[in-house]
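Just below is one structure, and these are the notes that go with it.
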Amino acid sequence: MSTSLSLMPDYVVPNNSLILGILPNYSVSSERAQLHLQQKIDLILLSLEALEMGSSDFIFDIAKQLELDHLLKNRLVLWRMRCTNSWRRSYTHDTLNTDQAKALVIIASRRARQLTVTIRQLLVAQQQMEEKNLPLGTNYLLSEYLEQFRSYFRSRMNPRRTKIAWYLEHEEELNQLALTFLSQLLFSTGTLGTQRLWTSLFDGEIKT
């Protein structure tokens with residue numbers, strides 16, 4: 001993982017993985033932008049984990065189906081990719097390369113598409129609770145998702161980081177973070193959803 005994201009405006013497809021070519025290449029604006037991208041990808045995967053047990057098994061199944069398993073060879077490789085999120089307790093200071101970042105987004109989008117009904121139900125429940133001015137936890141399924149997201153967040157993120165400590169002290173804000181990434185998953189399920197999700201991860205971060 002020594003090659004960092006150096007994303008130029010072309011559509012070169014490396015490693016004979018044609019599916020990687022569906023996503024455009026971008027130039028991120030700074031090291032901070034790269035860290036932000038890696039953080040977002042990990043939190044999208046965290047949201048998927050909160051939706052269902054055994055999500056990592058589905059990740060490897062989809063990687064194999066899409067012929068991306070050369071990039072996600074085993075659980076250790078996946079763990080190291082996710083530990084590029086600087087918020088994590090186990091932050092490794094590694095960086096994702098272009099292929100790795102694309103592969104994770106493509107896989108997350110594919111799994112989200114398979115879970116569209118569940119994701120939509122949760123977001124409809126959120127809207128209903130807010131319209132009725134009721135706590136989000138009033139809805140059982142939504143409460144279950146939020147509780148699982150918070151649990152994973154608490155166990156995996158570094159509480160010594162100021163932003164993490166703030167989220168841990170403000171449960172409602174952490175719930176909103178969980179719902180933000182759930183919305184991004186739904187965003188990725190429609191036509192050209194994978195491309196829209198990928199582009200959204202660079203909002204405000206692309207060199208012009």
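Residue numbering restarts at 1 in every chain; chains get A, B, ... in the order shown in the structure tokens, and ligands count up from 1 in that same order.
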In range 1-191 of chain A, DSSP alpha helix (DSSP H) residues written as an MDAnalysis selection string: chainID A and resid 31:51 55:65 75:82 98:114 116:131 140:156 162:169 171:187
Of the listed residues A:Thr84, A:Ser29, A:Gln100, A:Ser143, that which approaches Ala63 in chain A most closely, counting only C-alpha atoms: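 Counting only C-alpha atoms, the residue closest to Ala63 in chain A is A:Gln100.
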